[in-house]
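Source file run20.cif; content: mmCIF, C-alpha atoms.
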```cif
data_input
#
loop_
_atom_site.label_atom_id
_atom_site.label_comp_id
_atom_site.auth_asym_id
_atom_site.auth_seq_id
_atom_site.Cartn_x
_atom_site.Cartn_y
_atom_site.Cartn_z
CA MET A 1 -47.97 -34.76 -23.82
CA ALA A 2 -47.30 -31.40 -22.15
CA ALA A 3 -48.15 -28.42 -24.23
CA ALA A 4 -44.96 -26.71 -25.43
CA ALA A 5 -44.58 -23.59 -23.26
CA LYS A 6 -44.53 -20.42 -25.25
CA ILE A 7 -41.16 -18.69 -24.92
CA ASP A 8 -41.57 -14.98 -24.33
CA PRO A 9 -38.07 -13.65 -23.65
CA MET A 10 -39.33 -10.07 -23.83
CA HIS A 11 -41.69 -10.35 -20.89
CA GLN A 12 -38.83 -9.84 -18.40
CA PHE A 13 -38.30 -6.32 -19.75
CA ALA A 14 -41.93 -5.27 -19.34
CA ILE A 15 -42.57 -2.58 -16.78
CA ALA A 16 -45.60 -3.11 -14.55
CA PRO A 17 -47.02 -1.08 -11.68
CA ILE A 18 -46.36 -2.56 -8.26
CA ALA A 19 -49.75 -2.12 -6.65
CA GLY A 20 -51.66 -3.82 -9.46
CA GLU A 21 -53.12 -0.64 -10.91
CA GLU A 22 -53.24 0.12 -14.58
CA LEU A 23 -49.96 1.45 -15.96
CA VAL A 24 -50.52 5.14 -16.63
CA ALA A 25 -48.20 7.78 -17.98
CA SER A 26 -47.35 9.58 -14.75
CA PRO A 27 -43.96 10.46 -13.31
CA PHE A 28 -44.99 9.17 -9.89
CA MET A 29 -46.11 5.75 -11.10
CA PHE A 30 -44.30 3.27 -8.83
CA THR A 31 -43.27 0.40 -11.06
CA ASN A 32 -41.15 -2.70 -10.69
CA SER A 33 -38.41 -0.74 -12.44
CA ALA A 34 -38.61 2.03 -9.84
CA LEU A 35 -38.62 -0.55 -7.05
CA TRP A 36 -35.42 -2.17 -8.30
CA MET A 37 -33.81 1.23 -8.77
CA LEU A 38 -34.45 1.85 -5.09
CA ILE A 39 -33.15 -1.61 -4.18
CA VAL A 40 -29.98 -0.93 -6.19
CA THR A 41 -29.58 2.43 -4.46
CA ALA A 42 -30.08 0.88 -1.05
CA ALA A 43 -27.56 -1.86 -1.84
CA ILE A 44 -24.97 0.70 -2.97
CA VAL A 45 -25.50 2.88 0.10
CA VAL A 46 -25.29 -0.10 2.44
CA PHE A 47 -22.15 -1.35 0.73
CA MET A 48 -20.51 2.07 0.81
CA TRP A 49 -21.56 2.56 4.42
CA GLY A 50 -19.15 -0.22 5.33
CA GLY A 51 -16.32 1.95 4.07
CA THR A 52 -17.00 4.82 6.44
CA ARG A 53 -15.54 3.19 9.52
CA ARG A 54 -12.27 5.03 8.84
CA GLN A 55 -10.10 2.48 10.58
CA LEU A 56 -6.37 2.77 10.13
CA VAL A 57 -6.16 -0.95 9.44
CA PRO A 58 -9.25 -1.67 7.34
CA GLY A 59 -11.43 -4.71 7.80
CA ARG A 60 -12.52 -6.75 4.80
CA TRP A 61 -15.57 -4.65 4.08
CA GLN A 62 -13.77 -1.34 4.43
CA ALA A 63 -10.94 -2.68 2.28
CA ALA A 64 -13.45 -3.72 -0.41
CA VAL A 65 -14.99 -0.24 -0.46
CA GLU A 66 -11.53 1.31 -0.59
CA VAL A 67 -10.58 -0.91 -3.51
CA VAL A 68 -13.67 0.19 -5.46
CA THR A 69 -13.20 3.90 -4.76
CA GLY A 70 -9.50 3.58 -5.52
CA PHE A 71 -10.30 1.80 -8.78
CA VAL A 72 -12.75 4.44 -10.01
CA GLY A 73 -10.56 7.20 -8.58
CA ASN A 74 -7.67 5.88 -10.67
CA ILE A 75 -9.85 5.91 -13.79
CA THR A 76 -10.51 9.63 -13.33
CA ARG A 77 -6.99 10.50 -12.18
CA GLN A 78 -5.17 8.63 -14.93
CA ASN A 79 -7.41 9.86 -17.74
CA ILE A 80 -8.29 13.38 -16.70
CA GLY A 81 -5.40 14.21 -14.41
CA PRO A 82 -5.53 16.11 -11.13
CA GLU A 83 -8.65 17.96 -12.31
CA GLY A 84 -10.37 14.57 -12.48
CA ARG A 85 -11.05 14.71 -8.75
CA ALA A 86 -13.99 17.03 -9.39
CA PHE A 87 -15.64 14.49 -11.70
CA LEU A 88 -15.18 11.47 -9.46
CA PRO A 89 -18.62 11.78 -7.79
CA TRP A 90 -20.48 11.44 -11.09
CA VAL A 91 -18.19 8.79 -12.58
CA PHE A 92 -18.44 6.83 -9.36
CA THR A 93 -22.22 7.18 -9.21
CA ALA A 94 -22.62 5.97 -12.79
CA PHE A 95 -20.14 3.12 -12.29
CA MET A 96 -21.79 1.86 -9.13
CA PHE A 97 -25.31 2.24 -10.48
CA ILE A 98 -24.56 0.27 -13.64
CA LEU A 99 -22.52 -2.36 -11.79
CA PHE A 100 -25.09 -2.98 -9.08
CA SER A 101 -28.01 -2.88 -11.53
CA ASN A 102 -26.31 -5.42 -13.77
CA TRP A 103 -25.40 -7.76 -10.95
CA ILE A 104 -28.59 -7.48 -8.95
CA GLY A 105 -30.55 -8.01 -12.16
CA ALA A 106 -28.59 -11.22 -12.73
CA LEU A 107 -29.33 -12.65 -9.28
CA PRO A 108 -31.33 -15.89 -9.51
CA LEU A 109 -33.86 -14.59 -6.97
CA ALA A 110 -36.78 -15.92 -9.00
CA ILE A 111 -36.01 -19.36 -7.54
CA VAL A 112 -37.32 -18.13 -4.19
CA GLY A 113 -39.84 -15.58 -5.37
CA PRO A 114 -39.33 -12.10 -6.73
CA HIS A 115 -38.18 -11.66 -10.29
CA PRO A 116 -35.31 -9.19 -10.29
CA PHE A 117 -35.69 -6.41 -12.80
CA THR A 118 -32.53 -5.27 -14.59
CA VAL A 119 -32.97 -1.50 -14.75
CA THR A 120 -29.98 -1.15 -17.07
CA SER A 121 -31.84 -3.20 -19.68
CA GLN A 122 -33.97 -0.10 -20.29
CA PHE A 123 -32.55 2.47 -22.67
CA THR A 124 -34.63 5.09 -20.88
CA VAL A 125 -32.23 4.48 -17.97
CA THR A 126 -28.91 4.07 -19.74
CA GLY A 127 -29.85 6.96 -22.02
CA VAL A 128 -30.22 9.29 -19.04
CA LEU A 129 -26.86 8.14 -17.73
CA SER A 130 -25.10 8.77 -21.03
CA LEU A 131 -26.86 12.09 -21.60
CA THR A 132 -25.74 13.20 -18.14
CA SER A 133 -22.15 12.34 -19.01
CA PHE A 134 -22.51 14.12 -22.33
CA ALA A 135 -24.02 17.17 -20.65
CA ILE A 136 -21.09 17.30 -18.27
CA VAL A 137 -18.69 17.12 -21.21
CA LEU A 138 -20.47 19.98 -22.99
CA ALA A 139 -20.77 22.08 -19.84
CA VAL A 140 -17.12 21.64 -18.91
CA GLY A 141 -15.95 22.19 -22.49
CA PHE A 142 -17.85 25.42 -23.05
CA TRP A 143 -17.28 26.70 -19.52
CA LYS A 144 -13.53 26.12 -19.69
CA HIS A 145 -12.82 26.98 -23.33
CA GLY A 146 -15.85 28.88 -24.60
CA LEU A 147 -16.26 28.69 -28.34
CA HIS A 148 -12.67 27.48 -28.54
CA PHE A 149 -14.16 24.13 -27.54
CA PHE A 150 -15.02 23.60 -31.22
CA SER A 151 -11.32 23.23 -31.96
CA LEU A 152 -11.80 19.76 -30.48
CA PHE A 153 -13.05 18.74 -33.91
CA VAL A 154 -9.94 19.99 -35.70
CA PRO A 155 -6.91 17.78 -35.09
CA HIS A 156 -3.59 19.53 -34.66
CA GLY A 157 -1.11 19.75 -37.52
CA THR A 158 -3.39 18.61 -40.35
CA PRO A 159 -3.26 20.32 -43.73
CA PHE A 160 -6.09 22.74 -44.42
CA ILE A 161 -7.78 20.51 -47.01
CA LEU A 162 -7.81 17.58 -44.64
CA LYS A 163 -9.16 19.79 -41.88
CA ILE A 164 -12.20 20.56 -43.95
CA LEU A 165 -12.79 16.85 -44.43
CA ILE A 166 -11.95 15.73 -40.92
CA ALA A 167 -13.83 18.35 -38.92
CA PRO A 168 -17.34 17.17 -39.95
CA ILE A 169 -16.36 13.56 -39.34
CA GLU A 170 -15.03 14.42 -35.90
CA PHE A 171 -18.17 16.41 -35.20
CA ILE A 172 -20.46 13.53 -36.16
CA SER A 173 -18.42 11.05 -34.15
CA PHE A 174 -18.69 13.43 -31.22
CA LEU A 175 -22.47 13.55 -31.58
CA VAL A 176 -22.66 9.77 -31.79
CA ARG A 177 -20.89 9.42 -28.41
CA PRO A 178 -23.96 9.74 -26.16
CA PHE A 179 -25.82 7.15 -28.23
CA SER A 180 -23.02 4.62 -28.24
CA LEU A 181 -22.35 5.30 -24.57
CA GLY A 182 -25.98 4.72 -23.60
CA LEU A 183 -26.72 1.87 -25.99
CA ARG A 184 -23.69 -0.21 -25.00
CA PRO A 185 -24.80 -1.18 -21.47
CA PHE A 186 -28.43 -1.43 -22.57
CA VAL A 187 -27.67 -3.82 -25.44
CA ALA A 188 -25.33 -5.92 -23.33
CA MET A 189 -27.96 -6.49 -20.64
CA PHE A 190 -30.80 -6.87 -23.16
CA ALA A 191 -29.01 -9.52 -25.21
CA GLY A 192 -27.61 -11.35 -22.21
CA HIS A 193 -30.96 -11.65 -20.49
CA ILE A 194 -32.70 -12.83 -23.67
CA LEU A 195 -30.05 -15.50 -23.98
CA LEU A 196 -30.54 -16.57 -20.35
CA GLU A 197 -34.31 -16.66 -20.75
CA VAL A 198 -34.23 -18.64 -23.97
CA PHE A 199 -31.81 -21.26 -22.72
CA GLY A 200 -33.52 -21.42 -19.34
CA ASN A 201 -36.72 -22.27 -21.21
CA PHE A 202 -34.86 -24.89 -23.21
CA VAL A 203 -33.89 -26.54 -19.92
CA VAL A 204 -37.52 -26.66 -18.79
CA GLN A 205 -38.80 -27.89 -22.15
CA GLY A 206 -36.05 -30.49 -22.33
CA LEU A 207 -37.07 -31.76 -18.86
CA ASN A 208 -40.71 -31.89 -19.95
CA ALA A 209 -39.78 -33.85 -23.04
CA GLY A 210 -37.61 -36.17 -20.95
CA ILE A 211 -40.48 -36.85 -18.51
CA ASP A 212 -42.64 -37.58 -21.55
CA GLY A 213 -40.21 -40.31 -22.55
CA SER A 214 -37.78 -38.71 -24.89
CA PRO A 215 -34.17 -39.44 -23.87
CA LEU A 216 -33.00 -36.64 -26.12
CA GLY A 217 -34.95 -34.24 -23.87
CA TRP A 218 -32.71 -35.07 -20.87
CA ALA A 219 -29.59 -34.55 -22.93
CA ILE A 220 -30.80 -31.18 -24.19
CA ALA A 221 -31.79 -30.10 -20.67
CA VAL A 222 -28.37 -30.97 -19.25
CA LEU A 223 -26.56 -29.34 -22.15
CA CYS A 224 -28.60 -26.15 -21.90
CA PHE A 225 -28.20 -26.08 -18.11
CA VAL A 226 -24.42 -26.15 -18.46
CA PHE A 227 -24.67 -23.47 -21.12
CA VAL A 228 -26.86 -21.29 -18.85
CA ILE A 229 -24.24 -21.55 -16.10
CA GLY A 230 -21.59 -20.39 -18.55
CA VAL A 231 -23.75 -17.53 -19.81
CA ASN A 232 -24.45 -16.48 -16.23
CA ALA A 233 -20.75 -16.28 -15.50
CA LEU A 234 -20.26 -14.32 -18.71
CA GLU A 235 -23.14 -12.06 -17.73
CA LEU A 236 -21.43 -11.20 -14.42
CA LEU A 237 -18.23 -10.41 -16.30
CA VAL A 238 -20.10 -8.33 -18.88
CA GLY A 239 -21.95 -6.50 -16.10
CA ALA A 240 -18.64 -5.42 -14.55
CA ILE A 241 -17.05 -4.62 -17.90
CA GLN A 242 -19.98 -2.45 -18.98
CA ALA A 243 -19.75 -0.45 -15.76
CA PHE A 244 -15.99 -0.08 -16.24
CA VAL A 245 -16.36 0.91 -19.91
CA PHE A 246 -18.98 3.49 -19.08
CA ALA A 247 -16.81 5.02 -16.36
CA LEU A 248 -13.71 4.89 -18.56
CA LEU A 249 -15.40 6.49 -21.60
CA THR A 250 -17.01 9.15 -19.44
CA ALA A 251 -13.58 9.97 -18.04
CA LEU A 252 -12.04 10.03 -21.53
CA TYR A 253 -14.75 12.31 -22.90
CA ILE A 254 -14.35 14.63 -19.93
CA LYS A 255 -10.61 14.62 -20.55
CA ASP A 256 -11.26 15.84 -24.10
CA ALA A 257 -13.39 18.65 -22.72
CA VAL A 258 -10.86 19.60 -20.05
CA HIS A 259 -7.68 19.40 -22.14
CA LEU A 260 -8.88 19.71 -25.80
CA HIS A 261 -6.50 16.97 -27.05
CA MET B 1 -39.73 -5.16 -27.29
CA PRO B 2 -41.37 -3.59 -24.22
CA GLN B 3 -38.72 -0.87 -24.06
CA LEU B 4 -40.21 0.59 -27.24
CA SER B 5 -43.86 -0.40 -26.98
CA GLN B 6 -44.15 0.88 -23.41
CA LEU B 7 -42.02 3.96 -23.98
CA ALA B 8 -44.83 6.49 -24.02
CA LEU B 9 -46.34 5.03 -20.86
CA VAL B 10 -43.23 4.62 -18.76
CA TYR B 11 -40.70 7.27 -19.69
CA GLN B 12 -42.03 9.80 -17.18
CA SER B 13 -41.91 7.48 -14.19
CA GLN B 14 -38.60 5.98 -15.35
CA TRP B 15 -36.97 9.39 -15.52
CA PHE B 16 -38.54 10.61 -12.32
CA TRP B 17 -37.36 7.67 -10.22
CA LEU B 18 -34.03 7.45 -11.99
CA LEU B 19 -33.28 11.12 -11.36
CA LEU B 20 -34.32 10.72 -7.74
CA VAL B 21 -32.04 7.73 -7.36
CA LEU B 22 -29.11 9.29 -9.22
CA VAL B 23 -29.30 12.55 -7.29
CA THR B 24 -29.41 10.60 -4.04
CA LEU B 25 -26.47 8.46 -5.05
CA TYR B 26 -24.53 11.48 -6.34
CA PHE B 27 -24.80 13.41 -3.12
CA VAL B 28 -24.87 10.63 -0.52
CA VAL B 29 -22.35 8.28 -2.09
CA GLY B 30 -20.45 10.25 -4.74
CA ARG B 31 -19.92 13.45 -2.80
CA GLY B 32 -20.35 12.11 0.72
CA ILE B 33 -19.00 8.66 1.30
CA VAL B 34 -16.44 8.55 -1.51
CA SER B 35 -14.60 11.66 -0.34
CA LYS B 36 -14.68 10.30 3.20
CA VAL B 37 -13.18 7.00 2.08
CA GLU B 38 -10.58 8.78 -0.05
CA SER B 39 -9.56 10.98 2.86
CA THR B 40 -9.22 7.86 5.01
CA VAL B 41 -6.98 6.27 2.38
CA ASP B 42 -4.96 9.48 2.02
CA ALA B 43 -4.56 9.77 5.78
CA ARG B 44 -3.38 6.18 5.94
CA ASP B 45 -0.89 6.69 3.11
CA LYS B 46 0.41 9.81 4.80
CA GLN B 47 0.74 8.01 8.12
CA ILE B 48 2.60 5.13 6.50
CA ALA B 49 4.94 7.55 4.76
CA SER B 50 5.62 9.49 7.95
CA ASP B 51 6.10 6.28 9.94
CA LEU B 52 8.61 5.09 7.38
CA ALA B 53 10.43 8.43 7.54
CA THR B 54 10.53 8.23 11.34
CA ALA B 55 11.86 4.67 11.20
CA GLU B 56 14.56 5.74 8.78
CA ARG B 57 15.53 8.69 10.96
CA LEU B 58 15.64 6.51 14.08
CA GLN B 59 17.73 3.93 12.27
CA ALA B 60 20.25 6.61 11.23
CA GLU B 61 20.27 7.90 14.80
CA ALA B 62 20.91 4.42 16.16
CA ALA B 63 23.75 3.94 13.69
CA ARG B 64 25.23 7.26 14.74
CA SER B 65 25.04 6.49 18.47
CA GLU B 66 26.49 3.04 17.88
CA GLU B 67 29.38 4.66 16.02
CA ALA B 68 29.89 7.11 18.88
CA TRP B 69 29.77 4.28 21.40
CA ARG B 70 32.36 2.38 19.43
CA GLU B 71 34.65 5.39 19.30
CA GLN B 72 34.26 5.86 23.03
CA MET B 73 35.07 2.22 23.65
CA ASN B 74 38.12 2.44 21.41
CA ALA B 75 39.31 5.54 23.27
CA ALA B 76 38.76 3.85 26.62
CA HIS B 77 40.67 0.78 25.48
CA ALA B 78 43.57 2.91 24.26
CA GLU B 79 43.68 4.88 27.49
CA GLY B 80 43.60 1.73 29.58
CA GLN B 81 46.48 0.25 27.61
CA ALA B 82 48.49 3.46 27.95
CA ARG B 83 47.94 3.56 31.69
CA ALA B 84 48.87 -0.07 32.10
CA ALA B 85 52.09 0.46 30.14
CA GLU B 86 52.92 3.53 32.20
CA ALA B 87 52.33 1.70 35.47
CA LYS B 88 54.45 -1.19 34.28
CA ALA B 89 57.30 1.15 33.31
CA LYS B 90 57.09 2.95 36.64
CA ALA B 91 57.12 -0.27 38.61
CA MET B 92 60.17 -1.45 36.67
CA ARG B 93 61.97 1.81 37.29
CA GLU B 94 61.26 1.62 41.01
CA ALA B 95 62.40 -1.98 41.21
CA GLU B 96 65.65 -1.09 39.46
CA GLN B 97 66.24 1.78 41.83
CA ARG B 98 65.64 -0.42 44.84
CA ILE B 99 67.93 -3.12 43.50
CA ALA B 100 70.69 -0.53 42.88
CA LYS B 101 70.32 0.84 46.38
CA ALA B 102 70.42 -2.62 47.88
CA ASP B 103 73.54 -3.39 45.83
CA GLN B 104 75.23 -0.27 47.18
CA GLU B 105 74.34 -1.14 50.74
CA ILE B 106 75.60 -4.67 50.30
CA ALA B 107 78.85 -3.37 48.79
CA ALA B 108 79.34 -0.94 51.69
CA LYS B 109 78.70 -3.66 54.25
CA THR B 110 81.13 -6.00 52.49
CA GLU B 111 83.79 -3.30 52.48
CA ALA B 112 83.26 -2.54 56.17
CA ALA B 113 83.38 -6.23 57.01
CA GLY B 114 86.60 -6.59 54.96
CA ALA B 115 88.14 -3.61 56.77
CA ALA B 116 87.16 -4.96 60.19
CA LEU B 117 88.60 -8.34 59.28
CA ALA B 118 91.91 -6.79 58.17
CA GLU B 119 92.09 -4.76 61.37
CA ALA B 120 91.35 -7.80 63.50
CA ARG B 121 94.02 -9.73 61.64
CA ASN B 122 96.56 -6.92 62.10
CA SER B 123 95.88 -6.63 65.81
CA ALA B 124 96.03 -10.40 66.16
CA LEU B 125 99.36 -10.39 64.33
CA ALA B 126 100.63 -7.62 66.56
CA GLU B 127 99.58 -9.57 69.59
CA ILE B 128 101.19 -12.71 68.30
CA GLU B 129 104.40 -10.66 67.69
CA SER B 130 104.49 -9.25 71.16
CA VAL B 131 103.74 -12.68 72.64
CA ALA B 132 106.43 -14.18 70.38
CA VAL B 133 108.92 -11.45 71.44
CA GLU B 134 108.31 -12.18 75.12
CA ALA B 135 108.48 -15.90 74.53
CA ALA B 136 111.72 -15.52 72.55
CA GLN B 137 113.30 -13.46 75.39
CA GLU B 138 112.29 -16.02 77.97
CA ILE B 139 113.43 -18.97 75.84
CA VAL B 140 116.83 -17.30 75.22
CA ALA B 141 117.20 -16.46 78.91
CA LYS B 142 116.36 -19.97 80.01
CA LEU B 143 118.59 -21.67 77.47
CA THR B 144 121.57 -19.39 77.51
CA GLY B 145 121.06 -17.21 80.50
CA ALA B 146 121.77 -14.20 78.31
CA LYS B 147 119.57 -11.30 78.39
CA VAL B 148 118.15 -10.27 75.06
CA THR B 149 116.84 -6.85 74.64
CA ALA B 150 113.27 -6.47 73.57
CA LYS B 151 114.39 -4.71 70.45
CA ALA B 152 116.66 -7.52 69.34
CA ALA B 153 113.99 -10.06 70.11
CA ARG B 154 111.44 -8.10 68.11
CA ASP B 155 113.73 -7.83 65.10
CA ALA B 156 114.38 -11.53 65.21
CA VAL B 157 110.66 -12.28 65.47
CA THR B 158 109.61 -9.98 62.65
CA GLY B 159 112.43 -11.46 60.56
CA ALA B 160 111.22 -14.97 61.26
CA MET B 161 107.55 -14.11 60.71
CA SER B 162 108.19 -12.34 57.44
CA ARG B 163 110.12 -15.41 56.27
CA ALA B 164 107.30 -17.69 57.33
#
```

Would you mind writing the file out in structure tokens?
Amino acid sequence: MAAAAKIDPMHQFAIAPIAGEELVASPFMFTNSALWMLIVTAAIVVFMWGGTRRQLVPGRWQAAVEVVTGFVGNITRQNIGPEGRAFLPWVFTAFMFILFSNWIGALPLAIVGPHPFTVTSQFTVTGVLSLTSFAIVLAVGFWKHGLHFFSLFVPHGTPFILKILIAPIEFISFLVRPFSLGLRPFVAMFAGHILLEVFGNFVVQGLNAGIDGSPLGWAIAVLCFVFVIGVNALELLVGAIQAFVFALLTALYIKDAVHLH
Amino acid sequence: MPQLSQLALVYQSQWFWLLLVLVTLYFVVGRGIVSKVESTVDARDKQIASDLATAERLQAEAARSEEAWREQMNAAHAEGQARAAEAKAKAMREAEQRIAKADQEIAAKTEAAGAALAEARNSALAEIESVAVEAAQEIVAKLTGAKVTAKAARDAVTGAMSRA
């Protein structure tokens, strides 16, 4: 009877140094997380490079790049307006980084060797992304409107009594934005990968039980395998949606700062 | 949850590498490649719009020249018909004139022929008269032996001929 493997769904989120040294608190520590950040960056640059051929009639690759830039460009244009052009570089960077991190982290590369590390499953990463967006919102708001920016918290045309009640609520909801913005992609990746890990383990344990003579083990393995396929598909969808939501919310928050309602 | 338990150990390297990566992406991709791609798309859109405008203009031009060609053809047709009608009328006029002239000539010739015939008849009659006068004189002289004057013979002859 095979010993029941211990399921440790958290191990995939552990950060380890690449060169086998002890993990120390240093900014220059090269970890698996850093490695996959670089891989994501390289993948994005290579993908985008295909869009720089500037042909009048685009090939498939160039067309794909143009679709992505057009998509994110529309997010900024439609939400912020013509001024949105200035914010496209950051929105695009965040969108692509989250999208590629989510998808590359979901690649089943472990079948052939390296375990992909999903950098967006770390709130240290998504937090920096959301704080950058929030910093842009604050900088644009105060630079464009000065202290008048605080009128963002006072909706137009409300009676004075309601204003007193609503302003603090608006202020708190404004302060919550960076947290919700950063936690959303983190939680989505965190939960999805735990689910994949748990049900992937169920497949293996079901197979073990089946080899040991339990017909129920085979049934559970097959069932969980089908479920894992479904969750993987969902994970790809969620990965794209999280990138879109982050880009969309960033654009909406910047719109608030640019236009003040 | 490693994200929390490792936080103190990893946050420095996480932020360092993340900032490095984000700054790279921001400048290389966000500011570099994206604006290049957008300008390509804009240039293409502009080219398509201008091509469409040119096509529209050329189409209008073609319609105009076709209209002009049609007008020219209509004018040419009308002129040709007018000339044909004129030539026809002229030819008819000339034919009529010639026919009238020929008629006149024929009438003149007929008249002359008639006159010549009448003259010939008269002279033949006169000859017959004189022959008849001589014959009458000789016949009277042979039968009766009397001499008839030419005048009396002529009177008798003309009287007989006018009775005949």

Give me, as number ranges by chain, the contact residues of chain A against chain B at a cut-off of 8 Å, counting all atoms listed in the file. A: 10-11, 13-15, 23-31, 33-34, 37-38, 41, 45, 48-49, 51-52, 54-56, 65-66, 69-70, 88-90, 92-93, 122-125, 128

Original post:
Do you know which residues the PyMOL selection byres ((chain A and resi 256-259) around 8) returns on this file, as a ChimeraX atom specification?
Top reply: /A:80,137-138,140-141,144,149,152,252-255,260-261

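Atom pair atom CA of B:Ala126 / atom CA of B:Arg163 has a distance of 16.0 Å (rounded to one decimal).
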
Could you please determine the separation between atom CA of A:Gln242 and atom CA of A:Leu175 in Å, to one decimal place?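 Computing it gives 20.5 Å between the two atoms.
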
| request: Have a look at atom CA of A:Asn74 and atom CA of A:Phe246 and let me know their distance in Å, one decimal. | output: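 So the two atoms, atom CA of A:Asn74 and atom CA of A:Phe246, lie 14.3 Å apart.
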
I need the residue set behind the PyMOL selection byres ((chain A and resi 193) around 9) for this file; please write it as a PyMOL selection string.
chain A and resi 9+12+106+118+121+188-192+194-198+235

Dump C-alpha atoms for the selected residues as an mmCIF file, in the frame of the given file?
```cif
data_model
loop_
_atom_site.group_PDB
_atom_site.id
_atom_site.type_symbol
_atom_site.label_atom_id
_atom_site.label_comp_id
_atom_site.auth_asym_id
_atom_site.auth_seq_id
_atom_site.Cartn_x
_atom_site.Cartn_y
_atom_site.Cartn_z
ATOM 1 C CA PRO A 9 -38.070 -13.650 -23.650
ATOM 2 C CA GLN A 12 -38.830 -9.840 -18.400
ATOM 3 C CA ALA A 106 -28.590 -11.220 -12.730
ATOM 4 C CA THR A 118 -32.530 -5.270 -14.590
ATOM 5 C CA SER A 121 -31.840 -3.200 -19.680
ATOM 6 C CA ALA A 188 -25.330 -5.920 -23.330
ATOM 7 C CA MET A 189 -27.960 -6.490 -20.640
ATOM 8 C CA PHE A 190 -30.800 -6.870 -23.160
ATOM 9 C CA ALA A 191 -29.010 -9.520 -25.210
ATOM 10 C CA GLY A 192 -27.610 -11.350 -22.210
ATOM 11 C CA ILE A 194 -32.700 -12.830 -23.670
ATOM 12 C CA LEU A 195 -30.050 -15.500 -23.980
ATOM 13 C CA LEU A 196 -30.540 -16.570 -20.350
ATOM 14 C CA GLU A 197 -34.310 -16.660 -20.750
ATOM 15 C CA VAL A 198 -34.230 -18.640 -23.970
ATOM 16 C CA GLU A 235 -23.140 -12.060 -17.730
#
```

Which residue is closest to A:Val203? Choose from A:His156, A:Ala94, A:Ile7, A:Arg184 and count only C-alpha atoms.
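Among the listed residues, A:Ile7 lies closest to A:Val203.
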
Selection in question (the file shown): the PyMOL selection byres ((chain A and resi 179) around 10). Which residues does it include, as a list in words?
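Applying the PyMOL selection byres ((chain A and resi 179) around 10) to the structure shown produces Phe123, Thr126, Gly127, Ser130, Leu131, Phe134, Phe174, Leu175, Val176, Arg177, Pro178, Ser180, Leu181, Gly182, Leu183 and Arg184 of chain A.
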
Store the residues picked out above in a file with C-alpha atoms, as a PDB file, keeping the file's coordinate frame.
```pdb
ATOM      1  CA  PHE A 123     -32.550   2.470 -22.670  1.00  0.00           C
ATOM      2  CA  THR A 126     -28.910   4.070 -19.740  1.00  0.00           C
ATOM      3  CA  GLY A 127     -29.850   6.960 -22.020  1.00  0.00           C
ATOM      4  CA  SER A 130     -25.100   8.770 -21.030  1.00  0.00           C
ATOM      5  CA  LEU A 131     -26.860  12.090 -21.600  1.00  0.00           C
ATOM      6  CA  PHE A 134     -22.510  14.120 -22.330  1.00  0.00           C
ATOM      7  CA  PHE A 174     -18.690  13.430 -31.220  1.00  0.00           C
ATOM      8  CA  LEU A 175     -22.470  13.550 -31.580  1.00  0.00           C
ATOM      9  CA  VAL A 176     -22.660   9.770 -31.790  1.00  0.00           C
ATOM     10  CA  ARG A 177     -20.890   9.420 -28.410  1.00  0.00           C
ATOM     11  CA  PRO A 178     -23.960   9.740 -26.160  1.00  0.00           C
ATOM     12  CA  SER A 180     -23.020   4.620 -28.240  1.00  0.00           C
ATOM     13  CA  LEU A 181     -22.350   5.300 -24.570  1.00  0.00           C
ATOM     14  CA  GLY A 182     -25.980   4.720 -23.600  1.00  0.00           C
ATOM     15  CA  LEU A 183     -26.720   1.870 -25.990  1.00  0.00           C
ATOM     16  CA  ARG A 184     -23.690  -0.210 -25.000  1.00  0.00           C
TER      17      ARG A 184
END
```

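Considering the residues A:Gln205, A:Asn102, A:Ser173, A:Gln62 and counting all atoms listed in the file, A:Phe117 has its shortest atom-to-atom contact with A:Asn102.
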
**Study point:** Close residues, A:Val222 itself excluded, 10 Å, all atoms listed in the file, min 3 positions apart in chain, as a list in words
**Key:**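 In the requested format, the answer is Phe202, Val203, Gly206, Leu207, Gly217, Trp218, Ala219, Phe225, Val226, Phe227 and Val228 of chain A.
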
Would you export the selected residues with C-alpha atoms as an mmCIF file, keeping the file's coordinate frame, please?
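Result written to again_31.cif:
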```
data_model
loop_
_atom_site.group_PDB
_atom_site.id
_atom_site.type_symbol
_atom_site.label_atom_id
_atom_site.label_comp_id
_atom_site.auth_asym_id
_atom_site.auth_seq_id
_atom_site.Cartn_x
_atom_site.Cartn_y
_atom_site.Cartn_z
ATOM 1 C CA PHE A 202 -34.860 -24.890 -23.210
ATOM 2 C CA VAL A 203 -33.890 -26.540 -19.920
ATOM 3 C CA GLY A 206 -36.050 -30.490 -22.330
ATOM 4 C CA LEU A 207 -37.070 -31.760 -18.860
ATOM 5 C CA GLY A 217 -34.950 -34.240 -23.870
ATOM 6 C CA TRP A 218 -32.710 -35.070 -20.870
ATOM 7 C CA ALA A 219 -29.590 -34.550 -22.930
ATOM 8 C CA PHE A 225 -28.200 -26.080 -18.110
ATOM 9 C CA VAL A 226 -24.420 -26.150 -18.460
ATOM 10 C CA PHE A 227 -24.670 -23.470 -21.120
ATOM 11 C CA VAL A 228 -26.860 -21.290 -18.850
#
```

Exercise. For A:Phe186, which residue among A:Pro114, A:Gly239, A:Gly59, A:Pro108 is the nearest when counting only C-alpha atoms?
Worked result: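 The shortest atom-to-atom distance to A:Phe186 comes from A:Gly239.
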